[in-house]
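Peer 1: Okay, handing you the structure first.
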Amino acid sequence: MIPALDRKLLRDLWRMKGQALAIAAVIAAGVAMYVSQLGMLDSLRLTQGEYYSRYRFAHVFTGCKRAPESVLDDIRAIDGVRAAESRVVFAVTLDVPRLDEPAVGQLISYPDEGSPLLNDLFIREGDLPRGQDQVAAGEAFCNAHQFGPGDQFIAVINGRRRTLTITAIVLSPEYVYSLPAGGFIPDDKRYGVFWMPRHELAAAADMQGAFNDVTLTLKPDASEAEVMRQLDDLLAPYGGRGAMPQRLQLSNWFLNNEISQLENFGNVLPMIFLAVAAFLLNVVMTRLISTQREQVATLKAFGYRDRDVAIHYAKFVLLVSIIGGVIGAAAGAYMGRGLTQIYADFYHFPVLVFRLDPLLPVKALAITAGASLLGAMAAVRKAAALPPAEAMRPEPPPTYRRTLVERIGLERVLNQPTRMILRELERRPVKAALSVMGISMAGALIVVGFGFIDMVNYVIDTQANVLQREDVSVTFIEARNRSALHDLRAMPGVQHAEPFRSVPARLRFKHRWRLAGINGVTRGATLNRVVDEDLKPLNLPAEGVALSRALADVLGITGGDLLTLEVLEGARPTRQVRVAALVDDFLGLNAYMDIDALNRLMREDGVISGAYVSVEPTQQQQLYRHLKNTPFVASVSIKQAAIDNLRKTMAENLLISLGLTVFFAGVITFGVVYNAARISLSERSRELASLRVLGMTRGEISYILLGELAILVLAAVPLGCVAGWLMARAMLDALNTETFRLPFVMSSVSYASAATVVLAAGAISALIVRSRLDQLDLVEVLKTRE
């Protein structure tokens, strides 16, 4: 047998099914985001850990210009080194069938016999190459070109064009996120990684008996910093480029930043959603109890204790929260599987499966139930503390007094229904304020979603039209004197070319350091520019360095401080330079210097690493063909392709998450507005029915109720915009990472879009409530409670 209070609970739930479902939808939205985001986070972490462990991802990475193989024995002898493996790594230009522009490749050696000691390969298809001019190709590049074993392409190796045949499609833990050196957005069509037998690549790159890349794993008790110091000392005479720990390895760095962003996103937004749900439950339960005063009194008169009444209403809260939690957990699992497909396009694992920890939905339900009970606690305690004698009496009407509208004389110009609306709002200010607060918080979430979409679009537009105004950037195999710039300018279609110098360096400030490239930029550059916070060109000083603000934060340095630069190229000078400016750029960690100042620091005369080029549109293909056959060109980056890939990355990753946020925020908005309207209807149904009996039309009583709702919604819109601005500002720091940063930019379109969603939710709620008004029981009004 079902206890009497539980039967009453089920009846109440059925009678309030519309409101209960609206609250459950709010809870489901928060739980779905929590389960999908944190479930995806757990899946990424588990997959990353298993992949790195099984395929022996190295702990330390470094390179040099050329070192004899005998140095490897000295590296292995460093205290703390468990294993070390040398390699040959060589950058090449690719001529790919059906691709007009030149692509870039990275050739990596692997042992002639057996498997690599570190960074082993997962073979998706085919067999590892053993013959001449055969390679294993990265899966991302093959998918972009629909290549398979047996397909061929041309690589320019040491100035010689060679036709390479793909024998296997592979994956490597070193290239989970496949990026060229210095790149920030993957371009699988124009960048590929390939593995070739050691003797083949060494012969092609003139590296017999030598290596230019080495990877290490460390013993558990090893000092990473000390191992890297000794490794740098050993390789310094051979042009060492500086040791890098696993956490800063390019692919792993990007992946960890993505995981960090996902963790912040998955913890912050769902909690905001659940906070709104808790607030909404408090309002609903307070109003519900106020309409059930006689029922509470009857229950206590029949012997039910305060604790029984409190548990009864707590069960109502728990039941609604559990319904929402279960729906949200199921939706979150479904969304998580969809997110897995998106992440699999960017992060290349042998297998990426959405693995939902059974404890995660349980944790989500526990948080939901706790937040709901916390939100409704005041209302439940009020029900339990209500004395039976007081509860038997109707709630006393508010004290009558002339309203502000009447005191200033506006009642003469307002009709009776309008005066009734304003009187109700003024005499119950707390009720009105709570309703406005709930609607404004829901609207704030929509402002946040649209605002972040604005910021993403701003980054793409600024990167394409303000910062990167070149059509093509060309990087040389080795730094050359400025006469190479004249060769570029003489190529077909080149309208203008500006040189740049890029130098690898270790940047130190006190105990902190980072490996980064110092970008030498010409003064007055018009193609690739450094700008200030107002997007005006920043004139770099004749001496000193400008740092991206993110890099300055990592180093703990501010403008005016002295930064130590340990250059890892050429004569390898170590210099102290003053930080002249901080730059608010969007991608990566960057350092900028005037190109002449950088040449002086390097003690070189007019040396450049490449050039930014503007191209006549009708001659682009002719230029691409020319660059493919230019021996001194190491890589060519097409600006439009980079921007398209940036847009694609944003659209398929961040914008999808933000779109879901806007959708769920819309669900919450409707839930809040609909509940406010339904609660108001339940409280004033006798009053409105009485007005009908006294002769008012359906339209007039609809105007009284819905007019009040309209005022509440309109009052909530500007408050929601302000709250959304503050919320987005607070969330920005949690979502920005070292790899990608959003500026705080919100357009009027975001506010207008959010206001439109809130007003639409109000209009839909009004239509539903209007249909309920038509069903008012006019006979009921003839009965008295007293």
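Residue numbers start at 1 in each chain; chains themselves are named A, B, ... in the order of the structure tokens; ligands are numbered from 1 in the order shown.
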Name the residues of region 435-508 of chain A that come out as strand (DSSP E) in a backbone DSSP run; write them as a ChimeraX atom specification.

Peer 2: /A:472-481,494-508

Peer 1: With a distance cut-off of 12 Å and only C-alpha atoms, select the neighbouring residues of Ala597 (chain A), excluding the residue or stretch itself and same-chain residues fewer than 3 positions from it, and output the selection as a compact mmCIF listing (two decimals) with N, CA and C atoms, in the first residue's frame.

Peer 2:
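This is the output file part08.txt:
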# COMPACT_ATOMS: atom_id res chain seq x y z
N ARG A 501 62.43 37.20 -39.56
CA ARG A 501 63.51 36.37 -39.00
C ARG A 501 62.94 35.63 -37.80
N ILE A 518 61.56 33.62 -31.37
CA ILE A 518 61.56 35.09 -31.41
C ILE A 518 61.33 35.51 -32.85
N ASN A 519 60.27 36.26 -33.07
CA ASN A 519 59.87 36.65 -34.41
C ASN A 519 60.37 38.06 -34.71
N GLY A 520 61.29 38.15 -35.66
CA GLY A 520 61.80 39.44 -36.08
C GLY A 520 60.91 40.04 -37.16
N VAL A 521 60.35 41.21 -36.88
CA VAL A 521 59.37 41.84 -37.77
C VAL A 521 59.92 43.16 -38.27
N THR A 522 59.69 43.46 -39.55
CA THR A 522 60.17 44.73 -40.10
C THR A 522 59.34 45.89 -39.58
N ARG A 523 60.01 47.00 -39.34
CA ARG A 523 59.31 48.19 -38.87
C ARG A 523 58.39 48.72 -39.98
N LEU A 540 57.56 48.30 -32.97
CA LEU A 540 58.49 47.66 -32.04
C LEU A 540 59.70 48.55 -31.82
N PRO A 541 60.19 48.62 -30.58
CA PRO A 541 61.33 49.51 -30.31
C PRO A 541 62.61 49.00 -30.98
N ALA A 542 63.55 49.92 -31.16
CA ALA A 542 64.83 49.55 -31.78
C ALA A 542 65.58 48.54 -30.93
N GLU A 543 65.34 48.53 -29.63
CA GLU A 543 65.92 47.54 -28.73
C GLU A 543 64.80 47.02 -27.83
N GLY A 544 64.94 45.82 -27.33
CA GLY A 544 63.93 45.26 -26.44
C GLY A 544 63.03 44.27 -27.17
N VAL A 545 62.18 43.63 -26.40
CA VAL A 545 61.33 42.57 -26.93
C VAL A 545 59.89 42.81 -26.49
N VAL A 577 67.53 41.28 -22.42
CA VAL A 577 66.82 42.36 -23.13
C VAL A 577 65.64 42.80 -22.27
N TYR A 592 58.31 39.03 -29.90
CA TYR A 592 58.54 39.83 -31.11
C TYR A 592 59.68 40.82 -30.89
N MET A 593 60.51 40.99 -31.94
CA MET A 593 61.56 42.01 -31.92
C MET A 593 61.61 42.68 -33.29
N ASP A 594 62.12 43.87 -33.30
CA ASP A 594 62.45 44.52 -34.57
C ASP A 594 63.49 43.65 -35.27
N ARG A 600 71.11 42.19 -34.94
CA ARG A 600 72.23 42.66 -34.12
C ARG A 600 72.47 41.72 -32.95
N LEU A 601 71.39 41.24 -32.34
CA LEU A 601 71.52 40.31 -31.21
C LEU A 601 72.20 39.03 -31.66
N MET A 602 71.89 38.58 -32.89
CA MET A 602 72.48 37.36 -33.43
C MET A 602 73.86 37.61 -34.05
N ARG A 603 74.27 38.90 -34.10
CA ARG A 603 75.55 39.27 -34.71
C ARG A 603 75.62 38.78 -36.15
N GLU A 604 74.57 39.07 -36.88
CA GLU A 604 74.50 38.68 -38.28
C GLU A 604 74.07 39.90 -39.09
N ASP A 605 74.33 39.87 -40.36
CA ASP A 605 74.09 41.04 -41.21
C ASP A 605 72.96 40.74 -42.18
N GLY A 606 71.78 41.30 -41.90
CA GLY A 606 70.65 41.22 -42.83
C GLY A 606 70.21 39.81 -43.16
N VAL A 607 70.16 38.94 -42.16
CA VAL A 607 69.74 37.55 -42.39
C VAL A 607 68.24 37.43 -42.14

Peer 1: Which residue is closest to Leu299 (chain A)? Choose from A:Val276, A:Leu773, A:Ala4, A:Leu231 and count only C-alpha atoms.

Peer 2: A:Ala4

Peer 1: Between CA of Thr93 (chain A) and CA of Leu216 (chain A), what is the spacing in Å?

Peer 2: 28.3 Å

Peer 1: May I ask which of the residues A:Gly131, A:Gly126, A:Gly325, A:Gly80 is the closest one to Glu226 (chain A), counting only C-alpha atoms?

Peer 2: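 Ranking A:Gly131, A:Gly126, A:Gly325, A:Gly80 by distance to Glu226 (chain A), first place goes to A:Gly80.
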
Peer 1: Can you tell me, as a list in words, what residues are no more than 9 Å from Leu365 (chain A) when counting only C-alpha atoms, ignoring any on the same chain fewer than 5 positions away?

Peer 2: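 My list of contacting residues is Val31, Ser321, Ile322, Gly324, Gly325, Val326, Ala329, Leu360 and Gly370 of chain A.
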
Peer 1: Here is a test: counting only C-alpha atoms, which residue of A:Phe586, A:Arg480, A:Val351, A:Asn539 is nearest to Leu467 (chain A)?

Peer 2: A:Phe586
